[in-house]
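Enquirer: Here's a structure for you.
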Number of protein chains: 2
Amino acid sequence: MSDAVEWSIHCCTVLAALPEDQALPAARLAEFHDVPPAYLAKALQALATAEIVESRPGPHCGYRLARPPADISVLDIVLAVDGDGTAFRCSEIRQRGPAASPGSSAYRRPCGIARVMWRAEDAWRAELSAVTVGDIVTELFATVPPEQLVRGAEWIQQVDVRRRSRT
Amino acid sequence: MSDAVEWSIHCCTVLAALPEDQALPAARLAEFHDVPPAYLAKALQALATAEIVESRPGPHCGYRLARPPADISVLDIVLAVDGDGTAFRCSEIRQRGPAASPGSSAYRRPCGIARVMWRAEDAWRAELSAVTVGDIVTELFATVPPEQLVRGAEWIQQVDVRRRSRT
């Protein structure tokens with residue numbers, strides 16, 4: 001799993017807590033999380049393609065969530081960033097080698113080994129689809145020290161103050 | 001996930017079905033599955049380190065299962081070949097950036113995002129630990145066309161015949 005999955009989930013929780021009128025540019029999200037801006041920008045573009053975030057133009061430009069936090073599952077983010085392929089790839093080796101039966105109708109059904117592996121991935125997906133960005137934000141607000149929440153909120157407010165001071 | 005996971009599970013099912021007195025060298029297992037011998041040899045060494053297979057010396061040298069098939073879970077094989085680390089790596093980005101609270105006792109508990117991701121991996125592991133090589137062999141015997149099983153068994157018998165003809 002790429003590091004960008006971790007960054008992207010953190011970014012979505014920050015975007016979920018943004019004031020109504022604010023958006024955060026990719027560079028500020030990278031700064032807030034102290035992660036490489038170029039890689040994070042790529043992940044944010046993937047989130048935008050999946051309609052999880054949207055990019056707002058204009059003087060308050062930047063990213064916002066494209067949907068309510070309760071409508072974005074952790075699985076949505078993982079699949080948007082890392083792709084929706086399975087981790088286990090069946091290369092049909094049962095159809096190779098000296099014991100294979102080329103053309104056999106038995107090969108129409110997926111290989112028993114692949115089915116076991118994919119069933120486990122289904123269980124993983126089910127867990128991640130049951131948790132939303134809204135759930136994570138609720139849990140973070142209950143466990144992160146208040147002074148850290150205040151410091152984060154102040155830093156985010158300053159983004160627009162700094163923008164105005166540059167214009 | 002590496003391709004060697006797929007190969008290794010297939011190899012273990014073949015080894016589970018070997019006659020009592022037989023073992024299969026890595027090169028023959030690679031030939032049987034039509035996979036790259038050098039990569040498969042590395043995977044088999046990892047399986048031996050994890051005491052899933054054992055290497056038998058002598059004129060009938062080769063690999064056998066080190067434990068009964070019912071005592072080897074698919075998870076055992078996956079972790080032996082691909083390592084037992086988690087797919088999601090938490091780099092503690094909550095402790096970085098302008099909102100972080102260095103030294104806060106709140107960081108002693110794993111990050112809420114990591115806990116969600118690891119809970120999903122636990123579900124994945126639980127599925128894979130519930131299925132054994134014995135289960136897979138049973139399922140394969142019930143679904144693989146009989147002629148393919150016969151062809152496989154004959155090819156495996158011929159391994160020792162070919163060995164004897166060379167000595």
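To be explicit about the labels: the chains of the structure tokens are called A, B, and onward in the order shown, and within each one the residues are counted from 1, while ligands get numbers from 1 in the order they are shown.
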Excluding same-chain residues fewer than 3 positions from region 33-40 of chain A, what lies within 12 Å of it counting only C-alpha atoms, as a PDB file with all heavy atoms, in the first residue's frame?
Expert:
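Just written: out-v4.pdb:
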ATOM      1  N   SER A   2       0.499   2.232  -0.810  1.00  0.00           N
ATOM      2  CA  SER A   2       1.369   3.413  -0.910  1.00  0.00           C
ATOM      3  C   SER A   2       1.193   4.330   0.303  1.00  0.00           C
ATOM      4  O   SER A   2       0.134   4.339   0.941  1.00  0.00           O
ATOM      5  CB  SER A   2       1.049   4.188  -2.196  1.00  0.00           C
ATOM      6  OG  SER A   2      -0.167   4.868  -2.053  1.00  0.00           O
ATOM      7  N   ASP A   3       2.242   5.101   0.603  1.00  0.00           N
ATOM      8  CA  ASP A   3       2.168   6.060   1.709  1.00  0.00           C
ATOM      9  C   ASP A   3       1.067   7.085   1.466  1.00  0.00           C
ATOM     10  O   ASP A   3       0.515   7.657   2.409  1.00  0.00           O
ATOM     11  CB  ASP A   3       3.506   6.806   1.851  1.00  0.00           C
ATOM     12  CG  ASP A   3       4.620   5.883   2.318  1.00  0.00           C
ATOM     13  OD1 ASP A   3       4.304   4.857   2.951  1.00  0.00           O
ATOM     14  OD2 ASP A   3       5.788   6.185   2.045  1.00  0.00           O
ATOM     15  N   ALA A   4       0.758   7.319   0.188  1.00  0.00           N
ATOM     16  CA  ALA A   4      -0.242   8.337  -0.150  1.00  0.00           C
ATOM     17  C   ALA A   4      -1.622   7.987   0.393  1.00  0.00           C
ATOM     18  O   ALA A   4      -2.465   8.871   0.550  1.00  0.00           O
ATOM     19  CB  ALA A   4      -0.304   8.526  -1.665  1.00  0.00           C
ATOM     20  N   VAL A   5      -1.860   6.705   0.688  1.00  0.00           N
ATOM     21  CA  VAL A   5      -3.148   6.339   1.294  1.00  0.00           C
ATOM     22  C   VAL A   5      -3.257   6.988   2.673  1.00  0.00           C
ATOM     23  O   VAL A   5      -4.275   7.604   3.006  1.00  0.00           O
ATOM     24  CB  VAL A   5      -3.289   4.801   1.394  1.00  0.00           C
ATOM     25  CG1 VAL A   5      -4.446   4.420   2.307  1.00  0.00           C
ATOM     26  CG2 VAL A   5      -3.490   4.200   0.005  1.00  0.00           C
ATOM     27  N   GLU A   6      -2.202   6.848   3.460  1.00  0.00           N
ATOM     28  CA  GLU A   6      -2.200   7.460   4.802  1.00  0.00           C
ATOM     29  C   GLU A   6      -2.397   8.976   4.692  1.00  0.00           C
ATOM     30  O   GLU A   6      -3.262   9.551   5.367  1.00  0.00           O
ATOM     31  CB  GLU A   6      -0.869   7.148   5.515  1.00  0.00           C
ATOM     32  CG  GLU A   6      -0.804   7.698   6.936  1.00  0.00           C
ATOM     33  CD  GLU A   6       0.608   7.662   7.518  1.00  0.00           C
ATOM     34  OE1 GLU A   6       1.588   7.518   6.738  1.00  0.00           O
ATOM     35  OE2 GLU A   6       0.743   7.797   8.740  1.00  0.00           O
ATOM     36  N   TRP A   7      -1.617   9.615   3.821  1.00  0.00           N
ATOM     37  CA  TRP A   7      -1.717  11.072   3.669  1.00  0.00           C
ATOM     38  C   TRP A   7      -3.123  11.470   3.252  1.00  0.00           C
ATOM     39  O   TRP A   7      -3.666  12.467   3.737  1.00  0.00           O
ATOM     40  CB  TRP A   7      -0.738  11.592   2.623  1.00  0.00           C
ATOM     41  CG  TRP A   7       0.671  11.130   2.777  1.00  0.00           C
ATOM     42  CD1 TRP A   7       1.249  10.599   3.899  1.00  0.00           C
ATOM     43  CD2 TRP A   7       1.687  11.148   1.777  1.00  0.00           C
ATOM     44  NE1 TRP A   7       2.558  10.288   3.661  1.00  0.00           N
ATOM     45  CE2 TRP A   7       2.851  10.614   2.367  1.00  0.00           C
ATOM     46  CE3 TRP A   7       1.734  11.561   0.452  1.00  0.00           C
ATOM     47  CZ2 TRP A   7       4.052  10.493   1.662  1.00  0.00           C
ATOM     48  CZ3 TRP A   7       2.924  11.444  -0.247  1.00  0.00           C
ATOM     49  CH2 TRP A   7       4.069  10.918   0.357  1.00  0.00           C
ATOM     50  N   SER A   8      -3.697  10.713   2.314  1.00  0.00           N
ATOM     51  CA  SER A   8      -5.000  11.081   1.759  1.00  0.00           C
ATOM     52  C   SER A   8      -6.099  10.992   2.807  1.00  0.00           C
ATOM     53  O   SER A   8      -6.997  11.829   2.840  1.00  0.00           O
ATOM     54  CB  SER A   8      -5.339  10.173   0.573  1.00  0.00           C
ATOM     55  OG  SER A   8      -4.378  10.366  -0.438  1.00  0.00           O
ATOM     56  N   ILE A   9      -6.046   9.976   3.650  1.00  0.00           N
ATOM     57  CA  ILE A   9      -7.085   9.861   4.690  1.00  0.00           C
ATOM     58  C   ILE A   9      -6.944  11.030   5.670  1.00  0.00           C
ATOM     59  O   ILE A   9      -7.934  11.654   6.059  1.00  0.00           O
ATOM     60  CB  ILE A   9      -7.010   8.494   5.418  1.00  0.00           C
ATOM     61  CG1 ILE A   9      -7.143   7.352   4.415  1.00  0.00           C
ATOM     62  CG2 ILE A   9      -8.108   8.400   6.475  1.00  0.00           C
ATOM     63  CD1 ILE A   9      -6.880   5.966   5.010  1.00  0.00           C
ATOM     64  N   HIS A  10      -5.690  11.342   6.041  1.00  0.00           N
ATOM     65  CA  HIS A  10      -5.480  12.503   6.930  1.00  0.00           C
ATOM     66  C   HIS A  10      -5.994  13.786   6.269  1.00  0.00           C
ATOM     67  O   HIS A  10      -6.653  14.603   6.914  1.00  0.00           O
ATOM     68  CB  HIS A  10      -3.993  12.640   7.283  1.00  0.00           C
ATOM     69  CG  HIS A  10      -3.570  11.768   8.428  1.00  0.00           C
ATOM     70  ND1 HIS A  10      -3.696  12.154   9.741  1.00  0.00           N
ATOM     71  CD2 HIS A  10      -3.025  10.536   8.463  1.00  0.00           C
ATOM     72  CE1 HIS A  10      -3.245  11.188  10.537  1.00  0.00           C
ATOM     73  NE2 HIS A  10      -2.828  10.194   9.781  1.00  0.00           N
ATOM     74  N   CYS A  11      -5.697  13.972   4.990  1.00  0.00           N
ATOM     75  CA  CYS A  11      -6.167  15.183   4.288  1.00  0.00           C
ATOM     76  C   CYS A  11      -7.687  15.258   4.302  1.00  0.00           C
ATOM     77  O   CYS A  11      -8.262  16.334   4.529  1.00  0.00           O
ATOM     78  CB  CYS A  11      -5.673  15.195   2.834  1.00  0.00           C
ATOM     79  SG  CYS A  11      -3.939  15.641   2.688  1.00  0.00           S
ATOM     80  N   CYS A  12      -8.351  14.141   4.041  1.00  0.00           N
ATOM     81  CA  CYS A  12      -9.823  14.161   4.005  1.00  0.00           C
ATOM     82  C   CYS A  12     -10.393  14.516   5.381  1.00  0.00           C
ATOM     83  O   CYS A  12     -11.415  15.202   5.456  1.00  0.00           O
ATOM     84  CB  CYS A  12     -10.372  12.818   3.516  1.00  0.00           C
ATOM     85  SG  CYS A  12     -10.133  12.587   1.739  1.00  0.00           S
ATOM     86  N   THR A  13      -9.745  14.076   6.455  1.00  0.00           N
ATOM     87  CA  THR A  13     -10.269  14.427   7.785  1.00  0.00           C
ATOM     88  C   THR A  13     -10.099  15.929   8.033  1.00  0.00           C
ATOM     89  O   THR A  13     -10.973  16.562   8.613  1.00  0.00           O
ATOM     90  CB  THR A  13      -9.593  13.629   8.912  1.00  0.00           C
ATOM     91  OG1 THR A  13      -8.202  13.930   8.934  1.00  0.00           O
ATOM     92  CG2 THR A  13      -9.765  12.137   8.728  1.00  0.00           C
ATOM     93  N   VAL A  14      -8.982  16.497   7.564  1.00  0.00           N
ATOM     94  CA  VAL A  14      -8.781  17.946   7.714  1.00  0.00           C
ATOM     95  C   VAL A  14      -9.809  18.709   6.874  1.00  0.00           C
ATOM     96  O   VAL A  14     -10.439  19.656   7.340  1.00  0.00           O
ATOM     97  CB  VAL A  14      -7.340  18.337   7.315  1.00  0.00           C
ATOM     98  CG1 VAL A  14      -7.204  19.851   7.198  1.00  0.00           C
ATOM     99  CG2 VAL A  14      -6.342  17.789   8.325  1.00  0.00           C
ATOM    100  N   PRO A  25      -5.307  24.694  -0.561  1.00  0.00           N
ATOM    101  CA  PRO A  25      -4.505  24.258  -1.715  1.00  0.00           C
ATOM    102  C   PRO A  25      -3.644  23.044  -1.339  1.00  0.00           C
ATOM    103  O   PRO A  25      -3.328  22.828  -0.169  1.00  0.00           O
ATOM    104  CB  PRO A  25      -3.619  25.470  -2.010  1.00  0.00           C
ATOM    105  CG  PRO A  25      -4.270  26.627  -1.302  1.00  0.00           C
ATOM    106  CD  PRO A  25      -4.945  26.043  -0.106  1.00  0.00           C
ATOM    107  N   ALA A  26      -3.283  22.287  -2.363  1.00  0.00           N
ATOM    108  CA  ALA A  26      -2.469  21.085  -2.151  1.00  0.00           C
ATOM    109  C   ALA A  26      -1.192  21.411  -1.374  1.00  0.00           C
ATOM    110  O   ALA A  26      -0.783  20.659  -0.479  1.00  0.00           O
ATOM    111  CB  ALA A  26      -2.126  20.455  -3.501  1.00  0.00           C
ATOM    112  N   ALA A  27      -0.578  22.561  -1.697  1.00  0.00           N
ATOM    113  CA  ALA A  27       0.696  22.906  -1.036  1.00  0.00           C
ATOM    114  C   ALA A  27       0.502  23.112   0.463  1.00  0.00           C
ATOM    115  O   ALA A  27       1.372  22.769   1.273  1.00  0.00           O
ATOM    116  CB  ALA A  27       1.285  24.170  -1.673  1.00  0.00           C
ATOM    117  N   ARG A  28      -0.661  23.687   0.850  1.00  0.00           N
ATOM    118  CA  ARG A  28      -0.922  23.912   2.284  1.00  0.00           C
ATOM    119  C   ARG A  28      -1.234  22.584   2.989  1.00  0.00           C
ATOM    120  O   ARG A  28      -0.833  22.375   4.137  1.00  0.00           O
ATOM    121  CB  ARG A  28      -2.085  24.886   2.470  1.00  0.00           C
ATOM    122  CG  ARG A  28      -1.858  26.317   1.979  1.00  0.00           C
ATOM    123  CD  ARG A  28      -0.810  27.081   2.778  1.00  0.00           C
ATOM    124  NE  ARG A  28       0.552  26.795   2.363  1.00  0.00           N
ATOM    125  CZ  ARG A  28       1.096  27.211   1.209  1.00  0.00           C
ATOM    126  NH1 ARG A  28       0.411  27.943   0.373  1.00  0.00           N
ATOM    127  NH2 ARG A  28       2.352  26.890   0.920  1.00  0.00           N
ATOM    128  N   LEU A  29      -1.947  21.703   2.293  1.00  0.00           N
ATOM    129  CA  LEU A  29      -2.217  20.379   2.885  1.00  0.00           C
ATOM    130  C   LEU A  29      -0.904  19.618   3.097  1.00  0.00           C
ATOM    131  O   LEU A  29      -0.728  18.922   4.102  1.00  0.00           O
ATOM    132  CB  LEU A  29      -3.171  19.573   1.988  1.00  0.00           C
ATOM    133  CG  LEU A  29      -4.648  19.957   2.106  1.00  0.00           C
ATOM    134  CD1 LEU A  29      -5.450  19.420   0.927  1.00  0.00           C
ATOM    135  CD2 LEU A  29      -5.242  19.436   3.424  1.00  0.00           C
ATOM    136  N   ALA A  30       0.015  19.770   2.155  1.00  0.00           N
ATOM    137  CA  ALA A  30       1.326  19.118   2.301  1.00  0.00           C
ATOM    138  C   ALA A  30       2.084  19.709   3.480  1.00  0.00           C
ATOM    139  O   ALA A  30       2.720  18.982   4.256  1.00  0.00           O
ATOM    140  CB  ALA A  30       2.129  19.280   1.007  1.00  0.00           C
ATOM    141  N   ALA A  43      -1.847  12.501  -5.346  1.00  0.00           N
ATOM    142  CA  ALA A  43      -2.896  11.767  -4.617  1.00  0.00           C
ATOM    143  C   ALA A  43      -4.191  12.579  -4.599  1.00  0.00           C
ATOM    144  O   ALA A  43      -5.285  12.030  -4.766  1.00  0.00           O
ATOM    145  CB  ALA A  43      -2.427  11.459  -3.198  1.00  0.00           C
ATOM    146  N   LEU A  44      -4.066  13.892  -4.414  1.00  0.00           N
ATOM    147  CA  LEU A  44      -5.269  14.736  -4.379  1.00  0.00           C
ATOM    148  C   LEU A  44      -5.967  14.750  -5.739  1.00  0.00           C
ATOM    149  O   LEU A  44      -7.196  14.779  -5.821  1.00  0.00           O
ATOM    150  CB  LEU A  44      -4.895  16.158  -3.940  1.00  0.00           C
ATOM    151  CG  LEU A  44      -4.533  16.283  -2.445  1.00  0.00           C
ATOM    152  CD1 LEU A  44      -3.817  17.599  -2.169  1.00  0.00           C
ATOM    153  CD2 LEU A  44      -5.773  16.162  -1.559  1.00  0.00           C
ATOM    154  N   GLN A  45      -5.179  14.709  -6.792  1.00  0.00           N
ATOM    155  CA  GLN A  45      -5.779  14.628  -8.134  1.00  0.00           C
ATOM    156  C   GLN A  45      -6.550  13.314  -8.298  1.00  0.00           C
ATOM    157  O   GLN A  45      -7.634  13.291  -8.888  1.00  0.00           O
ATOM    158  CB  GLN A  45      -4.699  14.761  -9.205  1.00  0.00           C
ATOM    159  CG  GLN A  45      -4.286  16.220  -9.425  1.00  0.00           C
ATOM    160  CD  GLN A  45      -2.909  16.358 -10.070  1.00  0.00           C
ATOM    161  OE1 GLN A  45      -2.365  15.392 -10.602  1.00  0.00           O
ATOM    162  NE2 GLN A  45      -2.341  17.549 -10.017  1.00  0.00           N
ATOM    163  N   ALA A  46      -5.988  12.245  -7.750  1.00  0.00           N
ATOM    164  CA  ALA A  46      -6.697  10.951  -7.813  1.00  0.00           C
ATOM    165  C   ALA A  46      -7.993  11.032  -7.005  1.00  0.00           C
ATOM    166  O   ALA A  46      -9.035  10.501  -7.425  1.00  0.00           O
ATOM    167  CB  ALA A  46      -5.795   9.833  -7.288  1.00  0.00           C
ATOM    168  N   LEU A  47      -7.965  11.706  -5.871  1.00  0.00           N
ATOM    169  CA  LEU A  47      -9.181  11.867  -5.057  1.00  0.00           C
ATOM    170  C   LEU A  47     -10.213  12.721  -5.796  1.00  0.00           C
ATOM    171  O   LEU A  47     -11.416  12.488  -5.676  1.00  0.00           O
ATOM    172  CB  LEU A  47      -8.852  12.512  -3.709  1.00  0.00           C
ATOM    173  CG  LEU A  47      -7.989  11.691  -2.732  1.00  0.00           C
ATOM    174  CD1 LEU A  47      -7.663  12.528  -1.494  1.00  0.00           C
ATOM    175  CD2 LEU A  47      -8.701  10.403  -2.316  1.00  0.00           C
ATOM    176  N   VAL A  81      -6.840   6.110  -4.459  1.00  0.00           N
ATOM    177  CA  VAL A  81      -5.403   6.414  -4.453  1.00  0.00           C
ATOM    178  C   VAL A  81      -4.562   5.233  -4.961  1.00  0.00           C
ATOM    179  O   VAL A  81      -3.599   5.427  -5.705  1.00  0.00           O
ATOM    180  CB  VAL A  81      -4.955   6.828  -3.027  1.00  0.00           C
ATOM    181  CG1 VAL A  81      -3.455   7.011  -2.959  1.00  0.00           C
ATOM    182  CG2 VAL A  81      -5.676   8.113  -2.615  1.00  0.00           C
ATOM    183  N   GLY A 152      -4.360  23.430  15.170  1.00  0.00           N
ATOM    184  CA  GLY A 152      -4.667  23.106  13.785  1.00  0.00           C
ATOM    185  C   GLY A 152      -5.645  24.103  13.180  1.00  0.00           C
ATOM    186  O   GLY A 152      -5.433  24.601  12.070  1.00  0.00           O
ATOM    187  N   TRP A 155      -3.970  27.460  12.554  1.00  0.00           N
ATOM    188  CA  TRP A 155      -3.062  27.418  11.405  1.00  0.00           C
ATOM    189  C   TRP A 155      -3.869  27.493  10.111  1.00  0.00           C
ATOM    190  O   TRP A 155      -3.511  28.210   9.174  1.00  0.00           O
ATOM    191  CB  TRP A 155      -2.221  26.135  11.439  1.00  0.00           C
ATOM    192  CG  TRP A 155      -1.136  26.110  10.402  1.00  0.00           C
ATOM    193  CD1 TRP A 155       0.144  26.558  10.533  1.00  0.00           C
ATOM    194  CD2 TRP A 155      -1.254  25.620   9.048  1.00  0.00           C
ATOM    195  NE1 TRP A 155       0.842  26.384   9.371  1.00  0.00           N
ATOM    196  CE2 TRP A 155       0.006  25.812   8.436  1.00  0.00           C
ATOM    197  CE3 TRP A 155      -2.277  25.055   8.311  1.00  0.00           C
ATOM    198  CZ2 TRP A 155       0.259  25.441   7.119  1.00  0.00           C
ATOM    199  CZ3 TRP A 155      -2.035  24.690   6.994  1.00  0.00           C
ATOM    200  CH2 TRP A 155      -0.783  24.881   6.407  1.00  0.00           C
ATOM    201  N   ILE A 156      -4.989  26.757  10.055  1.00  0.00           N
ATOM    202  CA  ILE A 156      -5.829  26.741   8.854  1.00  0.00           C
ATOM    203  C   ILE A 156      -6.436  28.121   8.610  1.00  0.00           C
ATOM    204  O   ILE A 156      -6.481  28.594   7.465  1.00  0.00           O
ATOM    205  CB  ILE A 156      -6.907  25.634   8.973  1.00  0.00           C
ATOM    206  CG1 ILE A 156      -6.234  24.263   8.811  1.00  0.00           C
ATOM    207  CG2 ILE A 156      -8.012  25.821   7.935  1.00  0.00           C
ATOM    208  CD1 ILE A 156      -7.091  23.087   9.209  1.00  0.00           C
TER     209      ILE A 156
ATOM    210  N   SER B  91       2.990   6.267   9.425  1.00  0.00           N
ATOM    211  CA  SER B  91       4.244   7.012   9.602  1.00  0.00           C
ATOM    212  C   SER B  91       4.060   8.151  10.611  1.00  0.00           C
ATOM    213  O   SER B  91       4.895   9.051  10.676  1.00  0.00           O
ATOM    214  CB  SER B  91       4.747   7.537   8.249  1.00  0.00           C
ATOM    215  OG  SER B  91       3.855   8.503   7.731  1.00  0.00           O
ATOM    216  N   GLU B  92       2.974   8.059  11.373  1.00  0.00           N
ATOM    217  CA  GLU B  92       2.749   9.019  12.471  1.00  0.00           C
ATOM    218  C   GLU B  92       2.784  10.460  11.965  1.00  0.00           C
ATOM    219  O   GLU B  92       3.382  11.333  12.598  1.00  0.00           O
ATOM    220  CB  GLU B  92       3.798   8.815  13.587  1.00  0.00           C
ATOM    221  CG  GLU B  92       3.597   7.576  14.416  1.00  0.00           C
ATOM    222  CD  GLU B  92       2.401   7.675  15.393  1.00  0.00           C
ATOM    223  OE1 GLU B  92       2.031   8.808  15.765  1.00  0.00           O
ATOM    224  OE2 GLU B  92       1.855   6.623  15.751  1.00  0.00           O
ATOM    225  N   ILE B  93       2.108  10.695  10.847  1.00  0.00           N
ATOM    226  CA  ILE B  93       2.144  12.072  10.349  1.00  0.00           C
ATOM    227  C   ILE B  93       1.368  13.010  11.268  1.00  0.00           C
ATOM    228  O   ILE B  93       1.527  14.216  11.204  1.00  0.00           O
ATOM    229  CB  ILE B  93       1.683  12.210   8.868  1.00  0.00           C
ATOM    230  CG1 ILE B  93       0.205  11.950   8.684  1.00  0.00           C
ATOM    231  CG2 ILE B  93       2.493  11.371   7.939  1.00  0.00           C
ATOM    232  CD1 ILE B  93      -0.245  12.246   7.251  1.00  0.00           C
ATOM    233  N   ARG B  94       0.556  12.435  12.166  1.00  0.00           N
ATOM    234  CA  ARG B  94      -0.128  13.302  13.151  1.00  0.00           C
ATOM    235  C   ARG B  94       0.876  14.018  14.057  1.00  0.00           C
ATOM    236  O   ARG B  94       0.555  15.023  14.682  1.00  0.00           O
ATOM    237  CB  ARG B  94      -1.097  12.470  14.005  1.00  0.00           C
ATOM    238  CG  ARG B  94      -0.391  11.415  14.841  1.00  0.00           C
ATOM    239  CD  ARG B  94      -1.353  10.594  15.689  1.00  0.00           C
ATOM    240  NE  ARG B  94      -0.619   9.526  16.382  1.00  0.00           N
ATOM    241  CZ  ARG B  94      -1.095   8.811  17.373  1.00  0.00           C
ATOM    242  NH1 ARG B  94      -2.329   9.013  17.800  1.00  0.00           N
ATOM    243  NH2 ARG B  94      -0.364   7.862  17.929  1.00  0.00           N
ATOM    244  N   GLN B  95       2.097  13.454  14.147  1.00  0.00           N
ATOM    245  CA  GLN B  95       3.108  14.071  15.014  1.00  0.00           C
ATOM    246  C   GLN B  95       3.978  15.065  14.248  1.00  0.00           C
ATOM    247  O   GLN B  95       5.012  15.504  14.749  1.00  0.00           O
ATOM    248  CB  GLN B  95       3.998  12.998  15.644  1.00  0.00           C
ATOM    249  CG  GLN B  95       3.250  12.042  16.551  1.00  0.00           C
ATOM    250  CD  GLN B  95       4.172  11.266  17.470  1.00  0.00           C
ATOM    251  OE1 GLN B  95       5.133  11.805  18.012  1.00  0.00           O
ATOM    252  NE2 GLN B  95       3.892   9.980  17.657  1.00  0.00           N
ATOM    253  N   ARG B  96       3.583  15.346  13.003  1.00  0.00           N
ATOM    254  CA  ARG B  96       4.368  16.272  12.186  1.00  0.00           C
ATOM    255  C   ARG B  96       3.538  17.499  11.849  1.00  0.00           C
ATOM    256  O   ARG B  96       2.335  17.534  12.097  1.00  0.00           O
ATOM    257  CB  ARG B  96       4.811  15.550  10.893  1.00  0.00           C
ATOM    258  CG  ARG B  96       5.900  14.513  11.155  1.00  0.00           C
ATOM    259  CD  ARG B  96       5.832  13.299  10.271  1.00  0.00           C
ATOM    260  NE  ARG B  96       5.869  13.615   8.832  1.00  0.00           N
ATOM    261  CZ  ARG B  96       5.902  12.680   7.875  1.00  0.00           C
ATOM    262  NH1 ARG B  96       5.883  11.401   8.195  1.00  0.00           N
ATOM    263  NH2 ARG B  96       5.947  13.028   6.615  1.00  0.00           N
ATOM    264  N   GLY B  97       4.156  18.500  11.302  1.00  0.00           N
ATOM    265  CA  GLY B  97       3.440  19.695  10.854  1.00  0.00           C
ATOM    266  C   GLY B  97       3.114  20.654  11.978  1.00  0.00           C
ATOM    267  O   GLY B  97       3.412  20.385  13.150  1.00  0.00           O
ATOM    268  N   PRO B  98       2.474  21.784  11.615  1.00  0.00           N
ATOM    269  CA  PRO B  98       2.285  22.892  12.557  1.00  0.00           C
ATOM    270  C   PRO B  98       1.294  22.612  13.684  1.00  0.00           C
ATOM    271  O   PRO B  98       1.295  23.317  14.682  1.00  0.00           O
ATOM    272  CB  PRO B  98       1.769  24.025  11.655  1.00  0.00           C
ATOM    273  CG  PRO B  98       1.186  23.343  10.460  1.00  0.00           C
ATOM    274  CD  PRO B  98       2.001  22.112  10.257  1.00  0.00           C
ATOM    275  N   ALA B  99       0.436  21.578  13.541  1.00  0.00           N
ATOM    276  CA  ALA B  99      -0.555  21.332  14.593  1.00  0.00           C
ATOM    277  C   ALA B  99      -0.085  20.301  15.610  1.00  0.00           C
ATOM    278  O   ALA B  99      -0.753  20.072  16.621  1.00  0.00           O
ATOM    279  CB  ALA B  99      -1.867  20.881  13.968  1.00  0.00           C
ATOM    280  N   ALA B 100       1.039  19.660  15.346  1.00  0.00           N
ATOM    281  CA  ALA B 100       1.504  18.569  16.207  1.00  0.00           C
ATOM    282  C   ALA B 100       1.791  19.054  17.629  1.00  0.00           C
ATOM    283  O   ALA B 100       2.074  20.226  17.858  1.00  0.00           O
ATOM    284  CB  ALA B 100       2.744  17.931  15.590  1.00  0.00           C
TER     285      ALA B 100
END
Enquirer: Mind checking which residues fall within 12 Å of Phe141 (chain B), counting only C-alpha atoms, ignoring those fewer than 6 positions away in the same chain, and posting them as a compact mmCIF listing (two decimals) with C-alpha atoms, in the first residue's frame?
Expert:
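Final output, saved to selection.txt:
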# COMPACT_ATOMS: atom_id res chain seq x y z
CA GLY A 112 -10.01 -22.29 -5.65
CA THR B 13 -1.14 -28.12 -2.47
CA VAL B 14 1.00 -30.28 -4.77
CA ALA B 16 0.25 -32.08 0.22
CA ALA B 17 -0.80 -34.62 -2.39
CA GLY B 134 -5.86 -29.35 3.62
CA ASP B 135 -9.06 -27.43 2.83
CA GLU B 147 -7.97 -36.36 -16.10
CA GLN B 148 -5.96 -33.38 -14.87
CA LEU B 149 -5.40 -35.01 -11.47
CA VAL B 150 -4.26 -38.21 -13.20
CA GLY B 152 -0.43 -34.46 -12.57
Enquirer: Pick out the closest residue to Gly83 (chain A) from this set: A:Val161, A:Thr49, A:Glu20, A:Ser129. Count only C-alpha atoms.
Expert: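 Checking each of A:Val161, A:Thr49, A:Glu20, A:Ser129 against Gly83 (chain A), counting only C-alpha atoms, the winner is A:Thr49.
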Enquirer: Apply DSSP to the structure's backbone, then extract all residues of region 37-77 of chain A labelled strand (DSSP E or B) and return them as a list of chain:residue names.
Expert: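 In region 37-77 of chain A, DSSP puts these residues in strand (DSSP E or B): A:Val53, A:Glu54, A:Ser55, A:Arg56, A:Gly62, A:Tyr63, A:Arg64, A:Leu65, A:Ser73.
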Enquirer: Once you have the residues from the selection above, write them out as a tab-separated table (two decimals), in the first residue's frame, restricted to N, CA, C and O atoms.
Expert:
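Listed below is the output, out-v4.tsv:
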chain	number	residue	atom	x	y	z
A	53	VAL	N	-12.80	14.66	-3.46
A	53	VAL	CA	-12.53	16.08	-3.21
A	53	VAL	C	-12.84	16.83	-4.50
A	53	VAL	O	-12.95	16.23	-5.58
A	54	GLU	N	-12.97	18.16	-4.36
A	54	GLU	CA	-13.11	18.97	-5.57
A	54	GLU	C	-12.24	20.20	-5.41
A	54	GLU	O	-11.96	20.64	-4.29
A	55	SER	N	-11.79	20.69	-6.53
A	55	SER	CA	-10.89	21.83	-6.52
A	55	SER	C	-11.70	23.09	-6.80
A	55	SER	O	-12.42	23.17	-7.78
A	56	ARG	N	-11.61	24.04	-5.88
A	56	ARG	CA	-12.36	25.29	-6.03
A	56	ARG	C	-11.43	26.36	-6.58
A	56	ARG	O	-10.33	26.55	-6.04
A	62	GLY	N	-8.61	26.09	-3.72
A	62	GLY	CA	-8.06	24.95	-2.98
A	62	GLY	C	-9.03	23.79	-3.00
A	62	GLY	O	-10.05	23.83	-3.70
A	63	TYR	N	-8.69	22.78	-2.24
A	63	TYR	CA	-9.54	21.58	-2.20
A	63	TYR	C	-10.55	21.65	-1.06
A	63	TYR	O	-10.26	22.19	0.02
A	64	ARG	N	-11.72	21.09	-1.34
A	64	ARG	CA	-12.74	20.81	-0.33
A	64	ARG	C	-13.24	19.39	-0.57
A	64	ARG	O	-13.00	18.82	-1.62
A	65	LEU	N	-13.93	18.82	0.40
A	65	LEU	CA	-14.57	17.53	0.13
A	65	LEU	C	-15.69	17.74	-0.89
A	65	LEU	O	-16.39	18.76	-0.86
A	73	SER	N	-16.37	6.71	2.32
A	73	SER	CA	-15.81	5.64	3.15
A	73	SER	C	-14.30	5.62	3.02
A	73	SER	O	-13.73	6.15	2.05
